[in-house]
$ cat input_4.cif   # mmCIF, C-alpha atoms and all ligand atoms
data_upload
loop_
_atom_site.label_atom_id
_atom_site.label_comp_id
_atom_site.auth_asym_id
_atom_site.auth_seq_id
_atom_site.Cartn_x
_atom_site.Cartn_y
_atom_site.Cartn_z
CA MET S 1 102.07 82.00 27.89
CA THR S 2 100.58 82.81 24.49
CA PHE S 3 102.71 84.27 21.72
CA GLU S 4 100.70 87.53 21.85
CA LEU S 5 101.22 87.91 25.61
CA LEU S 6 104.95 87.25 25.29
CA GLN S 7 105.13 89.80 22.48
CA GLN S 8 103.34 92.43 24.61
CA GLN S 9 105.70 91.85 27.56
CA MET S 10 108.80 92.01 25.36
CA ASP S 11 107.54 95.24 23.71
CA THR S 12 107.02 96.81 27.14
CA LEU S 13 110.54 95.77 28.18
CA ARG S 14 112.04 97.32 25.07
CA VAL S 15 110.29 100.64 25.70
CA LEU S 16 111.31 100.64 29.37
CA ARG S 17 114.93 99.75 28.77
CA GLY S 18 115.66 101.38 25.40
CA ALA S 19 116.10 99.86 21.97
CA ASP S 20 119.76 98.87 22.40
CA ASP S 21 119.22 96.80 25.54
CA ASN S 22 119.49 93.02 24.97
CA MET S 23 116.88 92.35 27.65
CA GLY S 24 114.34 92.36 24.79
CA ASP S 25 116.14 89.37 23.26
CA ILE S 26 114.77 85.85 23.58
CA MET S 27 116.38 82.45 23.98
CA VAL S 28 114.67 79.37 22.58
CA VAL S 29 116.08 76.16 24.07
CA GLY S 30 115.57 73.19 21.74
CA GLY S 31 115.86 73.17 17.97
CA GLY S 32 113.10 70.66 17.19
CA ILE S 33 110.09 71.72 15.15
CA SER S 34 108.58 73.57 18.15
CA GLY S 35 111.71 75.60 18.84
CA ILE S 36 112.30 76.29 15.14
CA GLN S 37 108.76 77.61 14.66
CA ALA S 38 108.94 79.73 17.83
CA ALA S 39 112.27 81.20 16.67
CA LEU S 40 110.89 81.95 13.20
CA ASP S 41 107.73 83.62 14.55
CA LEU S 42 109.61 85.77 17.07
CA SER S 43 112.42 86.72 14.72
CA SER S 44 110.00 87.75 11.99
CA ALA S 45 108.25 89.93 14.59
CA GLY S 46 111.59 91.75 15.02
CA TYR S 47 113.09 90.04 18.06
CA LYS S 48 116.64 88.85 18.29
CA VAL S 49 116.46 85.10 19.04
CA TYR S 50 119.16 82.75 20.30
CA LEU S 51 118.17 79.25 19.18
CA VAL S 52 120.08 76.77 21.32
CA GLU S 53 120.28 73.08 20.33
CA LYS S 54 122.37 70.42 22.03
CA SER S 55 122.65 68.20 18.92
CA PRO S 56 124.99 69.00 16.02
CA THR S 57 121.98 70.21 13.96
CA ILE S 58 118.49 71.57 14.39
CA GLY S 59 115.59 69.26 13.49
CA GLY S 60 114.77 67.23 16.60
CA LYS S 61 112.63 64.10 16.43
CA MET S 62 110.63 65.21 13.41
CA SER S 63 113.73 64.95 11.24
CA GLN S 64 113.83 61.20 11.97
CA LEU S 65 110.24 60.52 10.94
CA ASP S 66 109.33 59.12 7.53
CA LYS S 67 105.81 60.34 6.68
CA THR S 68 103.77 62.39 9.12
CA PHE S 69 100.15 62.30 10.18
CA PRO S 70 97.73 63.81 9.22
CA THR S 71 98.81 64.70 5.66
CA ASN S 72 101.19 61.77 5.15
CA ASP S 73 103.74 64.23 3.77
CA CYS S 74 107.41 63.42 3.89
CA SER S 75 108.51 64.76 7.28
CA MET S 76 111.75 66.23 6.00
CA CYS S 77 109.91 67.93 3.11
CA ILE S 78 107.89 69.89 5.66
CA GLU S 79 110.72 70.59 8.04
CA SER S 80 113.81 71.25 5.94
CA PRO S 81 112.55 74.50 4.30
CA LYS S 82 112.18 75.78 7.87
CA PHE S 83 115.81 74.82 8.55
CA ILE S 84 116.91 77.03 5.66
CA GLU S 85 114.64 79.88 6.75
CA THR S 86 116.09 79.65 10.27
CA ASP S 87 119.63 79.70 8.93
CA ARG S 88 118.98 82.73 6.73
CA GLN S 89 116.95 84.78 9.22
CA PRO S 90 119.32 87.56 10.37
CA ASN S 91 117.51 87.90 13.72
CA ILE S 92 118.26 84.28 14.68
CA GLU S 93 121.59 83.33 16.17
CA LEU S 94 121.87 79.58 15.84
CA MET S 95 123.90 77.84 18.55
CA THR S 96 124.13 74.10 17.85
CA TYR S 97 126.04 71.47 19.82
CA THR S 98 125.35 73.73 22.78
CA ASP S 99 123.63 72.86 26.05
CA VAL S 100 122.27 75.00 28.87
CA ASP S 101 124.59 74.96 31.88
CA ALA S 102 122.90 77.47 34.22
CA VAL S 103 120.18 80.10 34.29
CA GLU S 104 120.21 83.06 36.66
CA GLY S 105 117.95 86.05 37.03
CA GLU S 106 114.26 86.61 36.55
CA PRO S 107 111.80 87.28 33.71
CA GLY S 108 113.05 90.35 31.88
CA ASP S 109 116.61 89.87 33.07
CA PHE S 110 118.08 86.37 32.60
CA THR S 111 121.73 85.45 32.30
CA VAL S 112 122.10 82.04 30.66
CA THR S 113 125.38 80.15 30.79
CA LEU S 114 125.72 77.89 27.76
CA LEU S 115 128.15 75.05 27.26
CA LYS S 116 129.37 74.91 23.67
CA LYS S 117 130.70 71.41 23.01
CA PRO S 118 133.74 70.91 20.77
CA ARG S 119 132.84 69.78 17.25
CA TYR S 120 136.55 69.57 16.42
CA VAL S 121 135.52 71.17 13.13
CA ASP S 122 135.61 74.91 12.48
CA GLU S 123 132.06 75.76 11.40
CA ASN S 124 133.29 78.85 9.54
CA LYS S 125 135.80 76.88 7.45
CA CYS S 126 133.94 73.61 6.79
CA THR S 127 132.09 73.54 3.46
CA GLY S 128 130.37 70.19 4.10
CA CYS S 129 132.24 68.60 1.18
CA THR S 130 132.47 65.25 3.13
CA VAL S 131 135.92 64.34 1.81
CA CYS S 132 136.99 63.69 5.42
CA VAL S 133 133.99 61.34 5.87
CA GLU S 134 135.05 59.33 2.84
CA TYR S 135 138.55 58.76 4.18
CA CYS S 136 137.76 58.25 7.89
CA PRO S 137 138.50 54.61 8.88
CA ALA S 138 136.46 54.63 12.13
CA LYS S 139 132.89 53.38 11.93
CA ILE S 140 130.28 54.05 14.62
CA PRO S 141 126.57 53.23 15.05
CA ASP S 142 124.64 56.07 13.42
CA PRO S 143 122.50 57.88 16.05
CA PHE S 144 120.28 59.46 13.37
CA ASN S 145 119.39 55.98 12.12
CA GLN S 146 118.71 54.72 15.66
CA ASN S 147 122.01 52.78 15.52
CA LEU S 148 120.53 50.54 12.81
CA SER S 149 123.34 51.38 10.41
CA GLN S 150 126.85 52.69 10.69
CA ASN S 151 128.46 56.03 9.97
CA LYS S 152 131.95 57.44 10.25
CA ALA S 153 133.45 59.04 13.37
CA VAL S 154 133.45 62.31 11.39
CA HIS S 155 130.16 62.91 9.62
CA ILE S 156 127.30 65.30 8.93
CA TYR S 157 124.42 64.37 11.25
CA PHE S 158 122.03 63.99 8.29
CA SER S 159 122.00 65.25 4.70
CA GLN S 160 119.78 68.29 5.31
CA ALA S 161 121.53 69.30 8.58
CA VAL S 162 121.78 72.96 9.51
CA PRO S 163 124.53 73.95 9.87
CA LEU S 164 125.65 71.68 7.03
CA VAL S 165 129.03 70.90 8.55
CA THR S 166 130.65 67.82 10.01
CA TYR S 167 131.29 67.00 13.68
CA ILE S 168 133.64 64.46 15.18
CA ASP S 169 132.31 61.80 17.52
CA GLU S 170 134.20 60.78 20.66
CA SER S 171 135.00 57.39 19.12
CA CYS S 172 137.45 59.12 16.75
CA LEU S 173 140.83 57.40 16.81
CA PHE S 174 142.67 60.68 17.32
CA LEU S 175 140.57 61.52 20.37
CA LYS S 176 140.99 58.00 21.74
CA ASP S 177 144.72 57.40 21.30
CA LYS S 178 146.02 59.72 18.57
CA THR S 179 146.48 56.85 16.09
CA CYS S 180 144.81 58.65 13.18
CA SER S 181 144.68 62.16 11.76
CA ILE S 182 143.60 61.40 8.20
CA CYS S 183 140.78 63.95 8.19
CA GLN S 184 143.24 66.71 9.06
CA THR S 185 145.42 65.68 6.13
CA VAL S 186 142.64 65.46 3.54
CA CYS S 187 140.67 68.57 4.51
CA GLU S 188 141.80 71.24 2.06
CA ASN S 189 139.99 73.92 4.05
CA HIS S 190 141.94 73.24 7.26
CA ALA S 191 138.63 72.95 9.09
CA ILE S 192 139.58 70.10 11.43
CA ASP S 193 140.57 71.53 14.79
CA PHE S 194 141.41 69.03 17.53
CA GLY S 195 142.42 71.96 19.72
CA GLN S 196 138.79 72.88 20.35
CA LYS S 197 137.67 72.68 23.98
CA ALA S 198 134.26 72.90 25.63
CA GLU S 199 133.52 76.59 26.01
CA LYS S 200 131.21 78.47 28.39
CA VAL S 201 129.30 81.39 26.89
CA LYS S 202 127.07 83.82 28.80
CA VAL S 203 124.04 85.34 27.07
CA LYS S 204 121.65 87.94 28.50
CA VAL S 205 118.03 87.66 27.46
CA GLY S 206 114.66 88.90 28.65
CA ALA S 207 112.72 85.68 28.10
CA ILE S 208 113.39 81.99 27.62
CA ILE S 209 111.21 79.51 25.75
CA LEU S 210 111.81 75.89 26.66
CA ALA S 211 111.13 73.64 23.67
CA ALA S 212 113.22 70.71 24.86
CA GLY S 213 110.77 68.11 23.52
CA TYR S 214 110.89 64.53 24.70
CA GLU S 215 113.01 61.41 24.80
CA THR S 216 111.47 58.20 23.52
CA PHE S 217 111.09 55.32 25.99
CA ASP S 218 114.04 52.95 25.93
CA PRO S 219 112.76 49.36 26.28
CA LEU S 220 116.30 47.96 26.37
CA PRO S 221 116.83 47.87 30.18
CA ARG S 222 113.51 46.01 30.70
CA ASN S 223 114.04 43.76 27.68
CA ASP S 224 110.35 44.25 26.73
CA TYR S 225 109.27 41.88 23.94
CA GLY S 226 112.90 40.76 23.70
CA TYR S 227 114.01 44.20 22.45
CA GLY S 228 117.78 44.12 22.27
CA LYS S 229 117.74 40.32 22.17
CA PHE S 230 115.81 39.87 18.92
CA ALA S 231 116.95 42.20 16.14
CA ASN S 232 113.51 42.15 14.49
CA VAL S 233 111.82 43.69 17.53
CA VAL S 234 111.96 47.43 16.90
CA THR S 235 110.58 50.58 18.53
CA SER S 236 108.30 52.92 16.59
CA MET S 237 111.21 55.32 16.08
CA ASP S 238 113.43 52.49 14.81
CA PHE S 239 110.58 51.64 12.47
CA GLU S 240 110.36 55.22 11.19
CA ARG S 241 114.00 54.96 10.16
CA LEU S 242 113.44 51.52 8.61
CA LEU S 243 110.60 52.97 6.49
CA CYS S 244 112.52 56.04 5.38
CA SER S 245 114.32 56.37 2.05
CA THR S 246 117.25 57.92 3.93
CA GLY S 247 117.15 55.11 6.51
CA PRO S 248 119.40 52.09 7.01
CA HIS S 249 117.88 50.16 4.07
CA GLU S 250 117.26 53.21 1.86
CA GLY S 251 113.49 52.77 2.03
CA GLN S 252 113.32 49.04 1.35
CA ILE S 253 111.16 47.47 4.03
CA LEU S 254 113.48 44.77 5.26
CA ARG S 255 113.57 42.87 8.52
CA PRO S 256 116.63 44.06 10.44
CA ARG S 257 118.01 40.60 11.30
CA THR S 258 117.96 38.95 7.88
CA ARG S 259 117.47 42.07 5.75
CA SER S 260 114.72 40.12 4.00
CA ILE S 261 111.17 41.05 3.06
CA ARG S 262 108.42 39.60 5.24
CA THR S 263 106.01 37.56 3.15
CA ARG S 264 103.85 35.74 5.71
CA SER S 265 101.11 37.36 7.82
CA PRO S 266 102.47 39.95 10.23
CA GLY S 267 103.22 38.86 13.77
CA SER S 268 104.02 42.29 15.19
CA THR S 269 102.68 45.84 15.12
CA ALA S 270 105.67 46.83 13.08
CA SER S 271 105.06 44.45 10.23
CA ALA S 272 101.32 45.14 10.48
CA ARG S 273 102.13 48.76 9.75
CA VAL S 274 104.22 47.77 6.79
CA ARG S 275 101.19 46.00 5.37
CA SER S 276 98.68 48.74 6.07
CA ILE S 277 100.74 51.75 5.03
CA ARG S 278 103.03 50.33 2.41
CA PRO S 279 101.34 47.33 0.77
CA GLU S 280 103.65 47.73 -2.22
CA ALA S 281 106.64 47.30 0.05
CA THR S 282 106.33 43.52 0.17
CA ALA S 283 106.77 43.37 -3.57
CA ILE S 284 109.86 45.53 -3.97
CA ALA S 285 113.24 44.32 -5.07
CA PRO S 286 115.38 42.14 -2.82
CA PRO S 287 118.08 43.81 -0.71
CA SER S 288 121.05 45.12 -2.64
CA ALA S 289 123.99 46.49 -0.69
CA ALA S 290 124.63 44.76 2.62
CA ARG S 291 123.94 47.09 5.52
CA THR S 292 125.23 46.79 9.01
CA ARG S 293 122.81 45.96 11.81
CA ARG S 294 123.48 47.23 15.31
CA SER S 295 125.17 44.68 17.52
CA ARG S 296 122.86 43.55 20.26
C1 LIG Q 1 107.51 57.28 16.22
C2 LIG Q 1 106.87 58.64 16.22
C3 LIG Q 1 106.02 59.00 15.20
C4 LIG Q 1 105.43 60.27 15.21
N1 LIG Q 1 104.58 60.60 14.17
C5 LIG Q 1 103.99 61.82 14.17
C6 LIG Q 1 103.10 62.19 13.10
O1 LIG Q 1 102.87 61.41 12.18
N2 LIG Q 1 102.52 63.42 13.15
C7 LIG Q 1 102.77 64.31 14.19
O2 LIG Q 1 102.21 65.40 14.18
N3 LIG Q 1 103.62 63.98 15.19
C8 LIG Q 1 104.22 62.77 15.20
N4 LIG Q 1 105.08 62.43 16.24
C9 LIG Q 1 105.31 63.42 17.30
C10 LIG Q 1 106.33 64.49 16.85
O3 LIG Q 1 107.53 63.84 16.49
C11 LIG Q 1 106.59 65.46 17.99
O4 LIG Q 1 105.38 66.02 18.43
C12 LIG Q 1 107.51 66.60 17.57
O5 LIG Q 1 108.60 66.16 16.82
C13 LIG Q 1 107.97 67.29 18.83
O6 LIG Q 1 108.82 68.36 18.46
P1 LIG Q 1 109.53 69.21 19.58
O7 LIG Q 1 110.29 70.28 18.88
O8 LIG Q 1 108.55 69.64 20.60
O9 LIG Q 1 110.50 68.20 20.33
P2 LIG Q 1 111.80 67.41 19.81
O10 LIG Q 1 111.66 67.02 18.41
O11 LIG Q 1 112.07 66.37 20.85
O12 LIG Q 1 112.93 68.52 19.86
C14 LIG Q 1 113.48 68.98 21.06
C15 LIG Q 1 114.89 69.43 20.79
O13 LIG Q 1 115.42 70.02 21.98
C16 LIG Q 1 116.76 69.62 22.12
N5 LIG Q 1 117.10 69.77 23.54
C17 LIG Q 1 116.60 69.05 24.58
N6 LIG Q 1 117.16 69.50 25.74
C18 LIG Q 1 118.01 70.50 25.40
C19 LIG Q 1 118.91 71.35 26.16
N7 LIG Q 1 119.02 71.24 27.49
N8 LIG Q 1 119.65 72.27 25.50
C20 LIG Q 1 119.55 72.37 24.15
N9 LIG Q 1 118.73 71.59 23.37
C21 LIG Q 1 117.98 70.68 24.01
C22 LIG Q 1 116.77 68.18 21.63
O14 LIG Q 1 118.07 67.79 21.24
C23 LIG Q 1 115.81 68.25 20.44
O15 LIG Q 1 116.47 68.54 19.22
C24 LIG Q 1 105.68 61.19 16.25
C25 LIG Q 1 106.57 60.81 17.28
C26 LIG Q 1 107.16 59.55 17.28
C27 LIG Q 1 108.10 59.17 18.38
S1 LIG Q 2 135.96 69.17 7.55
FE1 LIG Q 2 136.98 69.67 5.63
S2 LIG Q 2 136.91 67.78 4.40
FE2 LIG Q 2 135.43 67.57 6.09
S3 LIG Q 2 133.48 68.26 5.23
FE3 LIG Q 2 134.42 70.04 6.22
S4 LIG Q 2 135.56 71.07 4.58
FE4 LIG Q 2 135.10 69.00 3.83
S1 LIG Q 3 141.16 61.45 13.09
FE1 LIG Q 3 139.24 60.58 13.80
S2 LIG Q 3 137.63 61.54 12.60
FE2 LIG Q 3 139.58 61.98 11.59
S3 LIG Q 3 139.76 60.35 10.04
FE3 LIG Q 3 140.80 59.60 11.88
S4 LIG Q 3 139.27 58.47 13.06
FE4 LIG Q 3 138.20 59.69 11.51
#

$ encode --input "input_4.cif" --output "structure tokens"
Amino acid sequence: MTFELLQQQMDTLRVLRGADDNMGDIMVVGGGISGIQAALDLSSAGYKVYLVEKSPTIGGKMSQLDKTFPTNDCSMCIESPKFIETDRQPNIELMTYTDVDAVEGEPGDFTVTLLKKPRYVDENKCTGCTVCVEYCPAKIPDPFNQNLSQNKAVHIYFSQAVPLVTYIDESCLFLKDKTCSICQTVCENHAIDFGQKAEKVKVKVGAIILAAGYETFDPLPRNDYGYGKFANVVTSMDFERLLCSTGPHEGQILRPRTRSIRTRSPGSTASARVRSIRPEATAIAPPSAARTRRSR
């Protein structure tokens, strides 16, 4: 359905049902670039939009990319101003860390049951100061960096996240066996809340846009090209993170296994891309701080 057609149908619904009826509201499922843009367009046309994202932040796959075709602009430079716009748009209600549980009804009259997962952090109290992150002793593979580096059990998903608040991963020592509660002690804003439970929320809307995007192929089960066995065999998404200045090697193009710079002719697509896109990368400084490589 085109945007214009959807707009016409929602306008008709509003007239039929009266201005106060929430059947003219719209739910966008998926907070990647597609869902964000849909939510911004609809909200600026006057519609109330529920933007539902299952991750702790909006952004989707585009937030993980380094530079993007065709302009070769920094991906985050294009996307993050839209994060802010989404956050500030009064017609958008942002529901992160929330999945769709059930949908009932028909076009014009949907009831959506959402499952709000516990962040264990009160979004209204957390200022994103990251003091808790500093003190947390539990390290986990960082999903934003494709598990190529480590992060803490409590962390902000990435620096430009919206909402800019922490969440606590299930590997937290309190959640596992209650052997730690440091974050609760150090948080001056009393934002840590281990009492949070998964919560079901019902929302009535007239239309739903599915912008759930895609999952990248996981070569691990098939062991293609020795992925998982050889640390230097990476997927294209791994490689995006390896290229990125916010990635596991802070933009230095290093081979994951040895964290060294490849000097001989490339033997894989990945290193070929290093040479074609970033010729200067082979001449940059040697690795500084030791970074942790995923265990495979
Ligand atoms: C390695 C690589 C390089 C790329 N390079 C480029 C490039 O240079 N230029 C270019 O134009 N494109 C590029 N792309 C493609 C681009 O990344 C995608 O087209 C774009 O990010 C898709 O955005 P999306 O919002 O549709 O989906 P996604 O980014 O996948 O977002 C979907 C969102 O929906 C959420 N979601 C899914 N299911 C649910 C649910 N049930 N409830 C709530 N939320 C849900 C997900 O968590 C996710 O955040 C590249 C892709 C890859 C993999
Ligand atoms: S939970 Fe507390 S300490 Fe952690 S980032 Fe939020 S406000 Fe700061
Ligand atoms: S309670 Fe969990 S999240 Fe908090 S500091 Fe300890 S391990 Fe980290």

$ closest_residue --input "input_4.cif" --among "S:Phe83, S:Phe158, S:Tyr167, S:Tyr135" --to "Tyr97 (chain S)" --atoms "only C-alpha atoms"
S:Tyr167

$ residues_near_ligand --input "input_4.cif" --ligand "ligand LIG 2 (chain Q)" --cutoff "12 Å" --atoms "only C-alpha atoms and all ligand atoms" --output "PyMOL selection string"
chain S and resi 119-136+152-157+159+163-168+181-194

$ residues_near_point --input "input_4.cif" --point "(111.1, 76.3, 18.4)" --cutoff "12 Å" --atoms "only C-alpha atoms" --output "PyMOL selection string"
chain S and resi 26-43+49-53+58-60+79+82-83+86+92+94+208-213

$ closest_residue --input "input_4.cif" --among "S:Asp238, S:Glu170, S:Asp99, S:Asp109" --to "ligand LIG 3 (chain Q)" --atoms "all atoms listed in the file"
S:Glu170

$ atom_distance --input "input_4.cif" --atom1 "CA of Arg257 (chain S)" --atom2 "CA of Pro143 (chain S)"
18.5 Å

$ closest_residue --input "input_4.cif" --among "S:Pro81, S:Ala198, S:Pro256, S:Asp73" --to "Pro118 (chain S)" --atoms "all atoms listed in the file"
S:Ala198

$ closest_residue --input "input_4.cif" --among "S:Ile140, S:Cys180, S:Val234, S:Met23" --to "ligand LIG 1 (chain Q)" --atoms "only C-alpha atoms and all ligand atoms"
S:Val234

$ closest_residue --input "input_4.cif" --among "S:Gly46, S:Asp11, S:Asn151, S:Leu114" --to "Ala102 (chain S)" --atoms "only C-alpha atoms"
S:Leu114

$ atom_distance --input "input_4.cif" --atom1 "CA of Ile261 (chain S)" --atom2 "CA of Gly226 (chain S)"
20.7 Å

$ atom_distance --input "input_4.cif" --atom1 "atom S1 of ligand LIG 3 (chain Q)" --atom2 "CA of Lys197 (chain S)"
16.0 Å

$ closest_residue --input "input_4.cif" --among "S:Thr113, S:Ser245, S:Asn22, S:Ser55" --to "ligand LIG 1 (chain Q)" --atoms "all atoms listed in the file"
S:Ser55

$ axis_aligned_box --input "input_4.cif" --around "ligand LIG 1 (chain Q)" --padding-each-side "6 Å" --output "lines of an AutoDock Vina configuration file"
center_x = 110.9
center_y = 64.8
center_z = 19.8
size_x = 29.4
size_y = 27.1
size_z = 27.3

$ residues_around --input "input_4.cif" --residues "Glu106 (chain S)" --least-positions-apart "5" --cutoff "10 Å" --atoms "all atoms listed in the file" --output "list in words"
Thr111, Val205, Gly206 and Ala207 of chain S

$ residues_around --input "input_4.cif" --residues "Glu199 (chain S)" --least-positions-apart "3" --cutoff "10 Å" --atoms "all atoms listed in the file" --output "list in words"
Thr98, Leu114, Leu115, Lys116, Lys117, Pro118 and Gln196 of chain S

$ build_atoms --input "input_4.cif" --residues "region 205-223 of chain S" --atoms "N, CA and C atoms" --output "PDB file, keeping the file's coordinate frame"
ATOM      1  N   VAL S 205     119.307  87.594  28.193  1.00  0.00           N
ATOM      2  CA  VAL S 205     118.030  87.660  27.460  1.00  0.00           C
ATOM      3  C   VAL S 205     116.910  88.064  28.421  1.00  0.00           C
ATOM      4  N   GLY S 206     115.808  88.520  27.828  1.00  0.00           N
ATOM      5  CA  GLY S 206     114.660  88.900  28.650  1.00  0.00           C
ATOM      6  C   GLY S 206     113.698  87.764  28.888  1.00  0.00           C
ATOM      7  N   ALA S 207     113.674  86.792  27.965  1.00  0.00           N
ATOM      8  CA  ALA S 207     112.720  85.680  28.100  1.00  0.00           C
ATOM      9  C   ALA S 207     113.356  84.410  27.557  1.00  0.00           C
ATOM     10  N   ILE S 208     112.890  83.296  28.080  1.00  0.00           N
ATOM     11  CA  ILE S 208     113.390  81.990  27.620  1.00  0.00           C
ATOM     12  C   ILE S 208     112.192  81.115  27.275  1.00  0.00           C
ATOM     13  N   ILE S 209     112.244  80.501  26.106  1.00  0.00           N
ATOM     14  CA  ILE S 209     111.210  79.510  25.750  1.00  0.00           C
ATOM     15  C   ILE S 209     111.869  78.141  25.804  1.00  0.00           C
ATOM     16  N   LEU S 210     111.277  77.258  26.592  1.00  0.00           N
ATOM     17  CA  LEU S 210     111.810  75.890  26.660  1.00  0.00           C
ATOM     18  C   LEU S 210     111.043  75.022  25.668  1.00  0.00           C
ATOM     19  N   ALA S 211     111.745  74.526  24.669  1.00  0.00           N
ATOM     20  CA  ALA S 211     111.130  73.640  23.670  1.00  0.00           C
ATOM     21  C   ALA S 211     111.979  72.380  23.586  1.00  0.00           C
ATOM     22  N   ALA S 212     112.249  71.811  24.770  1.00  0.00           N
ATOM     23  CA  ALA S 212     113.220  70.710  24.860  1.00  0.00           C
ATOM     24  C   ALA S 212     112.643  69.361  24.417  1.00  0.00           C
ATOM     25  N   GLY S 213     111.352  69.326  24.107  1.00  0.00           N
ATOM     26  CA  GLY S 213     110.770  68.110  23.520  1.00  0.00           C
ATOM     27  C   GLY S 213     110.740  66.935  24.460  1.00  0.00           C
ATOM     28  N   TYR S 214     111.036  65.763  23.932  1.00  0.00           N
ATOM     29  CA  TYR S 214     110.890  64.530  24.700  1.00  0.00           C
ATOM     30  C   TYR S 214     111.985  63.550  24.307  1.00  0.00           C
ATOM     31  N   GLU S 215     112.155  62.555  25.151  1.00  0.00           N
ATOM     32  CA  GLU S 215     113.010  61.410  24.800  1.00  0.00           C
ATOM     33  C   GLU S 215     112.077  60.217  24.643  1.00  0.00           C
ATOM     34  N   THR S 216     112.311  59.391  23.667  1.00  0.00           N
ATOM     35  CA  THR S 216     111.470  58.200  23.520  1.00  0.00           C
ATOM     36  C   THR S 216     111.846  57.177  24.596  1.00  0.00           C
ATOM     37  N   PHE S 217     110.860  56.362  24.980  1.00  0.00           N
ATOM     38  CA  PHE S 217     111.090  55.320  25.990  1.00  0.00           C
ATOM     39  C   PHE S 217     112.090  54.294  25.467  1.00  0.00           C
ATOM     40  N   ASP S 218     113.041  53.952  26.324  1.00  0.00           N
ATOM     41  CA  ASP S 218     114.040  52.950  25.930  1.00  0.00           C
ATOM     42  C   ASP S 218     113.665  51.593  26.540  1.00  0.00           C
ATOM     43  N   PRO S 219     113.177  50.654  25.722  1.00  0.00           N
ATOM     44  CA  PRO S 219     112.760  49.360  26.280  1.00  0.00           C
ATOM     45  C   PRO S 219     113.939  48.432  26.585  1.00  0.00           C
ATOM     46  N   LEU S 220     115.141  48.844  26.234  1.00  0.00           N
ATOM     47  CA  LEU S 220     116.300  47.960  26.370  1.00  0.00           C
ATOM     48  C   LEU S 220     116.530  47.473  27.815  1.00  0.00           C
ATOM     49  N   PRO S 221     116.540  48.366  28.819  1.00  0.00           N
ATOM     50  CA  PRO S 221     116.830  47.870  30.180  1.00  0.00           C
ATOM     51  C   PRO S 221     115.810  46.843  30.669  1.00  0.00           C
ATOM     52  N   ARG S 222     114.541  46.966  30.230  1.00  0.00           N
ATOM     53  CA  ARG S 222     113.510  46.010  30.700  1.00  0.00           C
ATOM     54  C   ARG S 222     113.391  44.795  29.782  1.00  0.00           C
ATOM     55  N   ASN S 223     114.058  44.873  28.627  1.00  0.00           N
ATOM     56  CA  ASN S 223     114.040  43.760  27.680  1.00  0.00           C
ATOM     57  C   ASN S 223     112.613  43.423  27.215  1.00  0.00           C
TER      58      ASN S 223
END
